[in-house]
Every structure is written in C-alpha cells, then in structure tokens.
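Here's the structure, in structure tokens; my notes come after.
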Amino acid sequence: MRERFAPVVTRLLDEDPRVAVVLAEIGADGFAEARRRHPDRVVNVGIREQLLVGAAAGMALTGLRPVVHTFASFLVERPFEQVKLDLGHQGVGAVLVSAAASFDWPAGGYTHMAPGDVALLDTLDGWTVHVPGHPDEAETLLRHAVAAGDDKVYVRLSLQSNTRGLPVDGERFRTVREGRSGVVVAVGPVLDAVLDATEGLDVTVLYATTVRPFDAAGLRRATAAAGTDVVLVEPYLAGTSTAAANDALADVPHRVLGLGVGRAELRRYGRIDEHVAAHGLDARSLRARIGGFVGAGGTVPAGV
Amino acid sequence: MTITEERTRPYGYTDLPALMGLMTGDEKHGPAATSTLDVLWVLYDRVLRVGPGRTDDPGRDRFLLSKGHGPMAYYAVLAAKGFVPVDWLPGFGSYDSPLGHHPDRVLVPGAEIGSGSLGHGLPIAVGTALGLRAQGLDEPRVWTLIGDAELDEGSNHEAIAFAGPAGLERLHTVVVDNSSASWARPGGIVARFEAAGWSALTVDGRDHEALYAAFTAPHPGRPHAVVARVEPKSA
C-alpha cells in the first residue's frame with residue numbers, strides 16, 4: 001500500500017495549497033515529480049528525523065498541513081519528543097505516514113521494526129490512528145487524514161495486506177461476520193488471517209482500520225448479541241488496545257484477550273510470513289488461541 | 001519606580017529590572033537571569049516587526065524563544081511592549097498564572113512557541129521559514145534565540161546543517177553565549193554555523209548598538225547567526 005502514498009499525496013499537493021510533504025530521504029524518489037511542480041511544498045531535510053518533525057511543526061505553525069513520512073521507527077520512536085512537544089504541546093497538527101510497520105523488512109532486523117509505534121502514541125492525547133489493511137483503504141484513509149483540519153493523525157502503511165479492500169469511513173469498526181459467542185476485532189492487515197482462523201466459529205468479526213479514537217460504541221453494540229468475550233488481533237504490539245476495550249466495557253462483566261506482536265526481540269531475519277507465524281498471528285495459531293479463549297474448542301480443521 | 005501607577009509613557013529598557021522584580025521579588029538580578037535581556041530588548045525594540053495588535057498577522061516577524069529557561073527577561077520585555085499585562089507578572093509560576101518557568105505559546109500572548117526542553121526552537125524555526133516561503137510570504141523574518149549550552153543538543157545541528165545549504169535567508173539565530181556549556185572550544189559556535197554556510201557574527205551581548213548592527217547586517221542568500229557574548233554564567 002505504500003506505492004499509493006506518493007501518487008495520492010501528489011494529487012493532494014496539486015489540489016490543496018495547504019498541503020506540504022516533509023521527508024528524510026526515505027521515500028523521496030516517489031516525490032521527484034511533485035517536487036518539481038511544488039518545490040517549496042515538498043521538502044527533503046536529509047537523514048535528520050528530529051528536524052523532520054520539528055520542521056513540520058514549524059510549517060504547521062504558519063498554517064500549512066504537513067504530511068511527514070519515513071519508516072515507523074524513525075518517525076515515531078526516534079523523534080518521539082518532537083512528536084510530543086513540537087506537535088502536541090505547540091498545539092499544531094500534522095499527518096504522520098509511516099512505512100515498514102512491525103516487521104515489513106524482516107531481513108533488515110530489529111532496527112527497522114516498530115511494533116510499539118501505536119502504543120507509544122497512546123501515551124499522548126488527541127491522536128487519530130489509521131491502520132489500513134489494503135491499498136484502496138490506504139488511499140481513502142490518507143485522504144481522510146489530510147482533510148482532518150489540523151488534527152494529529154498517524155497512518156500506518158504496511159506491505160502486509162488483505163486480498164480485498166473494504167469500504168472504510170475513517171471512524172468506525174465494520175461488522176464483517178456475525179456470531180453469538182464472542183467478538184474478534186481484527187485490525188488492518190490481519191483481517192484475512194482472522195477470517196480464516198474463525199471460519200466455522202460462532203463469533204462476530206469486527207474490522208478496524210481506525211483504532212484511535214477506539215470505536216467503543218461499535219464494540220459495545222457487537223457485544224449485545226455476541227457476548228462480552230473479546231479478542232483483539234492487532235498487527236503491532238500485543239495488548240495495545242486492551243485498555244481501550246476494557247474501558248468500552250467497564251460497566252459489564254467481560255474478558256479481553258489481546259493478540260499481536262510479542263514484546264520479546266526475536267533476533268531473526270527471514271520473511272514476513274515467518275515473523276507472522278513466530279508471533280502467533282498466522283491463521284492456524286490464531287484459530288487455536290481464539291478458539292481456546294471463546295470456549296469453542298481449539299481443534300484445528302484440516303486445510304487451515 | 002512605582003510599576004503599578006497609571007502610566008503616561010511607554011516602558012523603556014530602564015524599566016526592565018523593575019518588571020523582572022515583580023516576578024523575582026528583587027530588582028537586582030545576576031548575570032544568569034539577565035543573559036538574554038539586552039538581546040531581547042534590542043530585538044523587540046528595534047528589529048522585530050511585531051506588536052500586540054498583530055500577533056495573528058501572517059506578515060509579522062516570528063521570534064521563537066528556544067531557550068525557555070529563565071524566562072523572566074522575556075516576560076519583562078513582552079510586558080514592556082504590551083503583549084502581556086504587567087499585572088500578570090507577580091503571579092509568575094503560580095497555578096493560575098499563564099506565565100510559567102518555561103513559556104507556553106498557548107497561554108502567553110505573543111509567544112510563538114512553547115519551550116523548556118532544549119533544542120526544539122531552531123528546528124521549528126526552520127519549518128516556520130519553509131512554511132512562510134511556501135505561502136509566498138516573503139516579508140516576515142524568522143528569529144530564534146538559543147543558549148550556548150543548548151547548542152549541545154544534536155537537534156540544533158540537524159537544523160544548522162540543513163538551513164545553510166538550503167539557503168534559508170530569512171532565518172536568523174541568536175546564540176546567547178554565557179559560557180555555560182561544559183565542553184566547548186573558543187570560537188566553536190561561530191565556526192559551526194560558518195561551516196554550514198551561514199553568515200555569522202560575534203558581538204558583545206550587552207552592547208545595544210553592536211547587537212543592532214549585527215542583527216541588521218545583510219546576509220544575502222544565507223541564514224544569519226549572531227553569537228552574543230555575555231558574562232560567564234559561573235562568574
């Protein structure tokens with residue numbers, strides 16, 4: 001879905017004079033033509049991520065809508081104080097668009113993995129977080145993000161993708177399947193694996209592409225028919241949204257299982273699917289973990 | 001001087017110790033508290049095209065106080081120039097006061113940024129200069145004030161190394177050098193700006209005419225740094 005980023009934002013640069021793009025080398029090639037057309041609104045600051053976010057904040061202070069892009073580890077983690085202070089404390093907004101996600105480049109190792117990005121943003125107030133699961137959804141959510149006034153918005157792009165895109169509205173969870181024995185919330189690119197894993201289980205599957213603000217009302221509605229056993233499957237740090245789900249169900253007895261990327265460093269290279277499996281996020285592992293939790297048995301049917 | 005009496009004349013430089021005294025309880029202030037005072041006064045009195053009536057004017061100059069520590073001199077100048085009421089000053093640092101020990105742009109009229117954590121103002125100033133240029137606002141100049149020890153923060157060097165080659169002519173940095181950095185070499189500050197392609201001058205940070213001359217020196221095609229040397233913090 002990252003291949004949609006530059007074309008979509010290039011069109012937004014053409015359409016809206018407020019839009020500016022700030023880069024730190026990564027992704028600069030994709031904006032070469034846009035930079036020729038808008039030399040003052042496409043800025044590559046070099047390999048300087050503190051400046052990347054600080055300069056974006058300065059642009060926002062003058063009234064622009066900066067779109068800031070690099071790998072997640074260098075966009076959220078390395079310049080985290082700039083995200084906290086230069087945007088949050090200064091009271092200005094920006095659209096942060098990350099690539100590489102939790103382990104999109106496993107051969108690159110842990111330095112290029114950012115499973116904690118959404119959890120880190122959760123320590124701050126007022127961030128909208130979009131996690132598209134398909135290139136079409138990414139395009140829609142990028143447009144939502146840029147159009148969201150002066151809001152602080154994070155868009156988490158990944159090479160991991162579902163087979164088909166679904167309509168997304170930039171706010172609510174979408175009901176993909178209905179059951180009576182639990183609710184599974186699948187975030188972004190984990191949807192295909194979750195649907196495979198829950199085939200034949202009597203559970204409701206909600207699809208979340210906007211996770212902050214957390215659609216508490218949507219989760220509560222789903223639990224009315226499916227009960228309050230809730231499984232969260234997130235493509236970043238396991239348990240990132242557990243507190244949000246607990247808060248949504250604070251006044252009713254409930255159970256929440258948070259699945260996602262493990263905290264321990266694997267120290268493995270290899271391929272994305274190998275890391276998906278290592279973190280228990282492949283369909284077979286999910287079937288056992290979800291099935292065991294909702295009490296529908298953990299037996300794995302052949303072919304899953 | 002009785003600071004609360006009905007005023008019939010504007011505040012001047014000689015009023016600043018009394019205005020600071022409303023915050024500190026004493027009209028006598030050591031070098032550390034006043035290290036920025038003369039720089040701030042010359043900027044606000046003679047250089048910056050700003051005023052309390054144009055804090056939202058897109059065409060105003062931008063002054064970003066990056067060195068947010070010890071902001072009494074800054075608040076005194078803002079009060080003297082009418083940005084904040086003088087009767088806010090005695091509440092300095094209290095729960096109900098907009099004036100904290102580090103400034104907050106959301107609370108202080110005329111403050112372009114909040115600061116306190118060191119090393120944020122210069123990168124934001126770079127972005128401000130880029131943002132103004134991108135909107136065709138060619139008149140406003142951008143200033144930021146940092147301390148010599150603040151220059152230890154690596155974020156400044158990202159900004160300095162970018163702004164020079166990028167030719168951000170409207171960007172100005174004044175470094176108030178009170179020799180507070182633990183590790184420094186003589187002439188190191190100005191050399192680093194020059195190495196990055198900035199115009200750079202070193203002046204006596206107490207000499208108003210020298211400051212004014214340095215602040216207004218032409219620097220075509222390049223950003224401009226002024227190192228204002230004052231008494232050592234430890235003296």
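Ordered as shown in the structure tokens, chains take letters A, B, and onward, while each chain numbers its residues from 1 and ligands are numbered from 1 in the order shown.
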
- Message: Please identify all residues of chain B having at least one atom at most 6 Å from any atom of chain A, considering only C-alpha atoms, and return them as a ChimeraX atom specification.
- Response: /B:123-124,126-128,131,134,155,158

- Message: Can you pull out the residues contacting range 186-195 of chain A? Cut-off 8 Å, using only C-alpha atoms, and skip same-chain residues under 5 positions away; I want them as a list in words.
- Response: Val131, Pro132, Gly133, His134, Ser158, Gln160, Ser161, Asn162, Thr163, Val205, Leu206, Tyr207, Ala208, Thr209, Val211, Leu232, Val233, Glu234, Pro235, Leu281, Asp282, Ala283, Leu286 and Arg287 of chain A

- Task: Identify, on the basis of only C-alpha atoms, every residue whose closest approach to Arg143 in chain A does not exceed 12 Å; exclude the query and any residue fewer than 2 positions from it along the same chain; express the result as number ranges by chain.
- Result: A: 4-5, 7-13, 15-16, 19, 67, 95, 97, 130, 136-141, 145-149, 153, 155, 168-170

- For Trp88 in chain B: contacts at 12 Å, only C-alpha atoms, fewer than 2 positions along chain excluded, given as a list in words: Thr4, Leu19, Met20, Leu22, Met23, Met72, Tyr75, Ala76, Leu78, Ala79, Ala80, Gly82, Phe83, Val84, Pro85, Val86, Pro90, Gly91, Phe92, Gly93, Ser94, Asp96, Ser97, Pro98, Leu99, Gly100, Leu107, Val108 and Pro109 of chain B

Go ahead and dump the residues you just picked, C-alpha atoms, as a PDB file, in the first residue's frame.
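Written output follows (result_6.pdb):
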```
ATOM      1  CA  THR B   4       1.591  49.869  39.157  1.00  0.00           C
ATOM      2  CA  LEU B  19       9.364  44.412  35.747  1.00  0.00           C
ATOM      3  CA  MET B  20      11.573  41.386  36.405  1.00  0.00           C
ATOM      4  CA  LEU B  22       7.657  41.714  40.019  1.00  0.00           C
ATOM      5  CA  MET B  23       8.444  38.051  39.217  1.00  0.00           C
ATOM      6  CA  MET B  72      11.789  36.458  33.372  1.00  0.00           C
ATOM      7  CA  TYR B  75       8.198  38.164  30.082  1.00  0.00           C
ATOM      8  CA  ALA B  76       9.502  41.552  31.197  1.00  0.00           C
ATOM      9  CA  LEU B  78       6.701  41.183  26.477  1.00  0.00           C
ATOM     10  CA  ALA B  79       5.080  43.190  29.294  1.00  0.00           C
ATOM     11  CA  ALA B  80       7.050  46.316  28.446  1.00  0.00           C
ATOM     12  CA  GLY B  82       2.274  45.448  25.753  1.00  0.00           C
ATOM     13  CA  PHE B  83       1.903  41.777  24.792  1.00  0.00           C
ATOM     14  CA  VAL B  84       1.072  40.692  28.334  1.00  0.00           C
ATOM     15  CA  PRO B  85      -0.392  42.828  31.131  1.00  0.00           C
ATOM     16  CA  VAL B  86       2.103  43.952  33.738  1.00  0.00           C
ATOM     17  CA  PRO B  90       3.632  38.874  40.125  1.00  0.00           C
ATOM     18  CA  GLY B  91       1.836  35.560  39.634  1.00  0.00           C
ATOM     19  CA  PHE B  92       4.842  34.098  37.791  1.00  0.00           C
ATOM     20  CA  GLY B  93       4.916  30.311  38.169  1.00  0.00           C
ATOM     21  CA  SER B  94       1.678  30.049  40.157  1.00  0.00           C
ATOM     22  CA  ASP B  96      -3.461  30.315  37.908  1.00  0.00           C
ATOM     23  CA  SER B  97      -0.769  32.226  36.034  1.00  0.00           C
ATOM     24  CA  PRO B  98      -0.236  31.948  32.272  1.00  0.00           C
ATOM     25  CA  LEU B  99       3.441  32.690  32.930  1.00  0.00           C
ATOM     26  CA  GLY B 100       5.354  29.544  33.823  1.00  0.00           C
ATOM     27  CA  LEU B 107      -1.033  30.723  27.280  1.00  0.00           C
ATOM     28  CA  VAL B 108       1.272  33.690  26.559  1.00  0.00           C
ATOM     29  CA  PRO B 109       0.156  36.296  24.011  1.00  0.00           C
TER      30      PRO B 109
END
```

From the DSSP assignment of the backbone, select every residue of range 136-296 of chain A that is alpha helix (DSSP H), and format the answer as a PDB file with C-alpha atoms, in the first residue's frame.
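states.pdb written:
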```
ATOM      1  CA  ASP A 136      -7.571   1.022  -1.522  1.00  0.00           C
ATOM      2  CA  GLU A 137      -8.229   1.583   2.154  1.00  0.00           C
ATOM      3  CA  ALA A 138      -4.879   3.306   2.490  1.00  0.00           C
ATOM      4  CA  GLU A 139      -5.857   5.748  -0.237  1.00  0.00           C
ATOM      5  CA  THR A 140      -9.178   6.533   1.440  1.00  0.00           C
ATOM      6  CA  LEU A 141      -7.623   6.917   4.879  1.00  0.00           C
ATOM      7  CA  LEU A 142      -4.783   9.117   3.605  1.00  0.00           C
ATOM      8  CA  ARG A 143      -7.394  11.439   2.148  1.00  0.00           C
ATOM      9  CA  HIS A 144      -9.322  11.421   5.442  1.00  0.00           C
ATOM     10  CA  ALA A 145      -6.115  12.174   7.339  1.00  0.00           C
ATOM     11  CA  VAL A 146      -5.083  15.139   5.224  1.00  0.00           C
ATOM     12  CA  ALA A 147      -8.630  16.544   5.241  1.00  0.00           C
ATOM     13  CA  LEU A 191      -8.242  -9.486   8.694  1.00  0.00           C
ATOM     14  CA  ASP A 192      -7.675 -12.295   6.174  1.00  0.00           C
ATOM     15  CA  ALA A 193      -5.917 -14.447   8.764  1.00  0.00           C
ATOM     16  CA  VAL A 194      -8.638 -13.733  11.325  1.00  0.00           C
ATOM     17  CA  LEU A 195     -11.405 -14.681   8.879  1.00  0.00           C
ATOM     18  CA  ASP A 196      -9.612 -17.939   8.045  1.00  0.00           C
ATOM     19  CA  ALA A 197      -9.000 -18.662  11.714  1.00  0.00           C
ATOM     20  CA  ALA A 216     -16.120   1.889  21.871  1.00  0.00           C
ATOM     21  CA  ALA A 217     -19.740   2.212  20.777  1.00  0.00           C
ATOM     22  CA  GLY A 218     -19.173  -0.212  17.907  1.00  0.00           C
ATOM     23  CA  LEU A 219     -17.620  -2.776  20.218  1.00  0.00           C
ATOM     24  CA  ARG A 220     -20.455  -2.413  22.735  1.00  0.00           C
ATOM     25  CA  ARG A 221     -23.062  -2.876  20.019  1.00  0.00           C
ATOM     26  CA  ALA A 222     -21.373  -6.053  18.857  1.00  0.00           C
ATOM     27  CA  THR A 223     -21.263  -7.492  22.382  1.00  0.00           C
ATOM     28  CA  ALA A 224     -25.044  -7.078  22.721  1.00  0.00           C
ATOM     29  CA  ALA A 225     -25.596 -10.124  20.508  1.00  0.00           C
ATOM     30  CA  ALA A 226     -22.231 -11.866  20.682  1.00  0.00           C
ATOM     31  CA  THR A 242      -6.695  -3.945  25.588  1.00  0.00           C
ATOM     32  CA  ALA A 243      -7.184  -0.938  27.854  1.00  0.00           C
ATOM     33  CA  ALA A 244      -9.431   0.735  25.281  1.00  0.00           C
ATOM     34  CA  ALA A 245     -11.587  -2.397  25.014  1.00  0.00           C
ATOM     35  CA  ASN A 246     -11.756  -2.691  28.807  1.00  0.00           C
ATOM     36  CA  ASP A 247     -12.810   0.936  29.074  1.00  0.00           C
ATOM     37  CA  ALA A 248     -15.521   0.379  26.469  1.00  0.00           C
ATOM     38  CA  ILE A 272       7.267 -11.618   6.722  1.00  0.00           C
ATOM     39  CA  ASP A 273       5.263 -14.866   6.877  1.00  0.00           C
ATOM     40  CA  GLU A 274       7.892 -16.395   9.138  1.00  0.00           C
ATOM     41  CA  HIS A 275       7.553 -13.483  11.549  1.00  0.00           C
ATOM     42  CA  VAL A 276       3.752 -13.613  11.363  1.00  0.00           C
ATOM     43  CA  ALA A 277       3.939 -17.261  12.426  1.00  0.00           C
ATOM     44  CA  ALA A 278       6.573 -16.618  15.094  1.00  0.00           C
ATOM     45  CA  ALA A 283      -4.447 -18.460  10.800  1.00  0.00           C
ATOM     46  CA  ARG A 284      -3.571 -21.777  12.433  1.00  0.00           C
ATOM     47  CA  SER A 285      -2.165 -20.179  15.586  1.00  0.00           C
ATOM     48  CA  LEU A 286      -4.992 -17.664  15.747  1.00  0.00           C
ATOM     49  CA  ARG A 287      -7.553 -20.467  15.446  1.00  0.00           C
ATOM     50  CA  ALA A 288      -6.093 -22.195  18.484  1.00  0.00           C
ATOM     51  CA  ARG A 289      -5.774 -19.042  20.566  1.00  0.00           C
ATOM     52  CA  ILE A 290      -9.147 -17.516  19.667  1.00  0.00           C
ATOM     53  CA  GLY A 291     -10.940 -20.861  19.828  1.00  0.00           C
ATOM     54  CA  GLY A 292      -9.468 -21.640  23.210  1.00  0.00           C
ATOM     55  CA  PHE A 293     -10.470 -18.254  24.584  1.00  0.00           C
ATOM     56  CA  VAL A 294     -14.081 -18.154  23.410  1.00  0.00           C
TER      57      VAL A 294
END
```

- Skipping near chain neighbours, those fewer than 2 positions away, what residues fall within 12 Å of Trp198 in chain B using only C-alpha atoms, listed as an NGL selection string? :B and (159-173 or 189-196 or 200-201 or 218-226)

Writer output for current selection, N, CA and C atoms, as a JSON list (two decimals), in the first residue's frame:
```
[["chain", "number", "residue", "atom", "x", "y", "z"],
["B", 159, "ALA", "N", 19.36, 21.10, 12.25],
["B", 159, "ALA", "CA", 18.77, 22.32, 11.67],
["B", 159, "ALA", "C", 19.84, 23.21, 11.03],
["B", 160, "ILE", "N", 20.96, 23.38, 11.71],
["B", 160, "ILE", "CA", 22.02, 24.25, 11.19],
["B", 160, "ILE", "C", 22.55, 23.68, 9.87],
["B", 161, "ALA", "N", 22.77, 22.36, 9.85],
["B", 161, "ALA", "CA", 23.37, 21.73, 8.67],
["B", 161, "ALA", "C", 22.42, 21.72, 7.49],
["B", 162, "PHE", "N", 21.11, 21.78, 7.75],
["B", 162, "PHE", "CA", 20.14, 21.87, 6.66],
["B", 162, "PHE", "C", 19.97, 23.31, 6.16],
["B", 163, "ALA", "N", 19.82, 24.24, 7.10],
["B", 163, "ALA", "CA", 19.41, 25.60, 6.73],
["B", 163, "ALA", "C", 20.46, 26.32, 5.90],
["B", 164, "GLY", "N", 21.73, 26.04, 6.15],
["B", 164, "GLY", "CA", 22.78, 26.71, 5.38],
["B", 164, "GLY", "C", 22.73, 26.33, 3.92],
["B", 165, "PRO", "N", 22.91, 25.04, 3.61],
["B", 165, "PRO", "CA", 22.84, 24.62, 2.20],
["B", 165, "PRO", "C", 21.50, 24.92, 1.55],
["B", 166, "ALA", "N", 20.41, 24.93, 2.35],
["B", 166, "ALA", "CA", 19.09, 25.23, 1.79],
["B", 166, "ALA", "C", 18.92, 26.73, 1.53],
["B", 167, "GLY", "N", 19.86, 27.54, 2.02],
["B", 167, "GLY", "CA", 19.80, 28.98, 1.74],
["B", 167, "GLY", "C", 18.60, 29.68, 2.34],
["B", 168, "LEU", "N", 18.27, 29.34, 3.57],
["B", 168, "LEU", "CA", 17.10, 29.95, 4.22],
["B", 168, "LEU", "C", 17.46, 31.35, 4.72],
["B", 169, "GLU", "N", 17.42, 32.27, 3.79],
["B", 169, "GLU", "CA", 17.91, 33.63, 4.07],
["B", 169, "GLU", "C", 17.11, 34.32, 5.18],
["B", 170, "ARG", "N", 15.85, 33.98, 5.31],
["B", 170, "ARG", "CA", 15.03, 34.70, 6.28],
["B", 170, "ARG", "C", 15.23, 34.18, 7.71],
["B", 171, "LEU", "N", 16.00, 33.13, 7.85],
["B", 171, "LEU", "CA", 16.20, 32.52, 9.16],
["B", 171, "LEU", "C", 17.36, 33.19, 9.90],
["B", 172, "HIS", "N", 17.09, 33.53, 11.16],
["B", 172, "HIS", "CA", 18.11, 34.17, 12.00],
["B", 172, "HIS", "C", 18.18, 33.45, 13.34],
["B", 173, "THR", "N", 19.40, 33.19, 13.79],
["B", 173, "THR", "CA", 19.58, 32.57, 15.10],
["B", 173, "THR", "C", 20.50, 33.46, 15.93],
["B", 189, "ILE", "N", 31.38, 27.98, 18.36],
["B", 189, "ILE", "CA", 29.98, 28.20, 17.98],
["B", 189, "ILE", "C", 29.92, 28.83, 16.58],
["B", 190, "VAL", "N", 30.61, 29.92, 16.42],
["B", 190, "VAL", "CA", 30.52, 30.64, 15.15],
["B", 190, "VAL", "C", 31.11, 29.77, 14.02],
["B", 191, "ALA", "N", 32.13, 28.97, 14.36],
["B", 191, "ALA", "CA", 32.74, 28.12, 13.34],
["B", 191, "ALA", "C", 31.75, 27.09, 12.81],
["B", 192, "ARG", "N", 30.92, 26.57, 13.70],
["B", 192, "ARG", "CA", 29.97, 25.56, 13.24],
["B", 192, "ARG", "C", 28.91, 26.14, 12.32],
["B", 193, "PHE", "N", 28.46, 27.33, 12.63],
["B", 193, "PHE", "CA", 27.50, 27.98, 11.73],
["B", 193, "PHE", "C", 28.16, 28.28, 10.38],
["B", 194, "GLU", "N", 29.38, 28.80, 10.44],
["B", 194, "GLU", "CA", 30.06, 29.15, 9.19],
["B", 194, "GLU", "C", 30.33, 27.91, 8.34],
["B", 195, "ALA", "N", 30.68, 26.81, 9.01],
["B", 195, "ALA", "CA", 30.96, 25.58, 8.26],
["B", 195, "ALA", "C", 29.72, 25.09, 7.52],
["B", 196, "ALA", "N", 28.55, 25.43, 8.05],
["B", 196, "ALA", "CA", 27.31, 25.02, 7.40],
["B", 196, "ALA", "C", 26.81, 26.06, 6.40],
["B", 200, "ALA", "N", 27.73, 34.59, 9.90],
["B", 200, "ALA", "CA", 27.81, 34.53, 11.36],
["B", 200, "ALA", "C", 28.69, 35.66, 11.90],
["B", 201, "LEU", "N", 28.21, 36.29, 12.97],
["B", 201, "LEU", "CA", 28.94, 37.39, 13.61],
["B", 201, "LEU", "C", 28.98, 37.16, 15.11],
["B", 218, "PRO", "N", 23.47, 42.71, 6.41],
["B", 218, "PRO", "CA", 22.97, 41.95, 5.25],
["B", 218, "PRO", "C", 23.62, 40.56, 5.17],
["B", 219, "HIS", "N", 22.83, 39.59, 4.67],
["B", 219, "HIS", "CA", 23.36, 38.22, 4.55],
["B", 219, "HIS", "C", 22.67, 37.53, 3.37],
["B", 220, "PRO", "N", 22.86, 38.10, 2.18],
["B", 220, "PRO", "CA", 22.10, 37.62, 1.01],
["B", 220, "PRO", "C", 22.28, 36.13, 0.74],
["B", 221, "GLY", "N", 21.18, 35.45, 0.63],
["B", 221, "GLY", "CA", 21.20, 34.05, 0.23],
["B", 221, "GLY", "C", 21.58, 33.08, 1.33],
["B", 222, "ARG", "N", 21.81, 33.59, 2.53],
["B", 222, "ARG", "CA", 22.25, 32.71, 3.61],
["B", 222, "ARG", "C", 21.48, 33.01, 4.90],
["B", 223, "PRO", "N", 21.29, 32.02, 5.73],
["B", 223, "PRO", "CA", 20.77, 32.31, 7.07],
["B", 223, "PRO", "C", 21.86, 33.00, 7.89],
["B", 224, "HIS", "N", 21.43, 33.63, 8.97],
["B", 224, "HIS", "CA", 22.32, 34.52, 9.70],
["B", 224, "HIS", "C", 22.34, 34.16, 11.18],
["B", 225, "ALA", "N", 23.54, 34.03, 11.73],
["B", 225, "ALA", "CA", 23.69, 33.74, 13.16],
["B", 225, "ALA", "C", 24.44, 34.87, 13.83],
["B", 226, "VAL", "N", 23.99, 35.23, 15.01],
["B", 226, "VAL", "CA", 24.69, 36.23, 15.82],
["B", 226, "VAL", "C", 25.01, 35.58, 17.17]]
```

- Residues within 8 Å of Ile26 in chain A, only C-alpha atoms, excluding chain neighbours under 6 positions, as a list in words: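 Once the adjacent positions are removed, what remains is His69, Thr70 and Phe71 of chain A.
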
- Message: I'd like to know which of B:Gly147, B:Gly59, B:Gly53, B:Gly30 is closest to Gln135 in chain B, using only C-alpha atoms.
- Response: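 The shortest atom-to-atom distance to Gln135 in chain B comes from B:Gly59.
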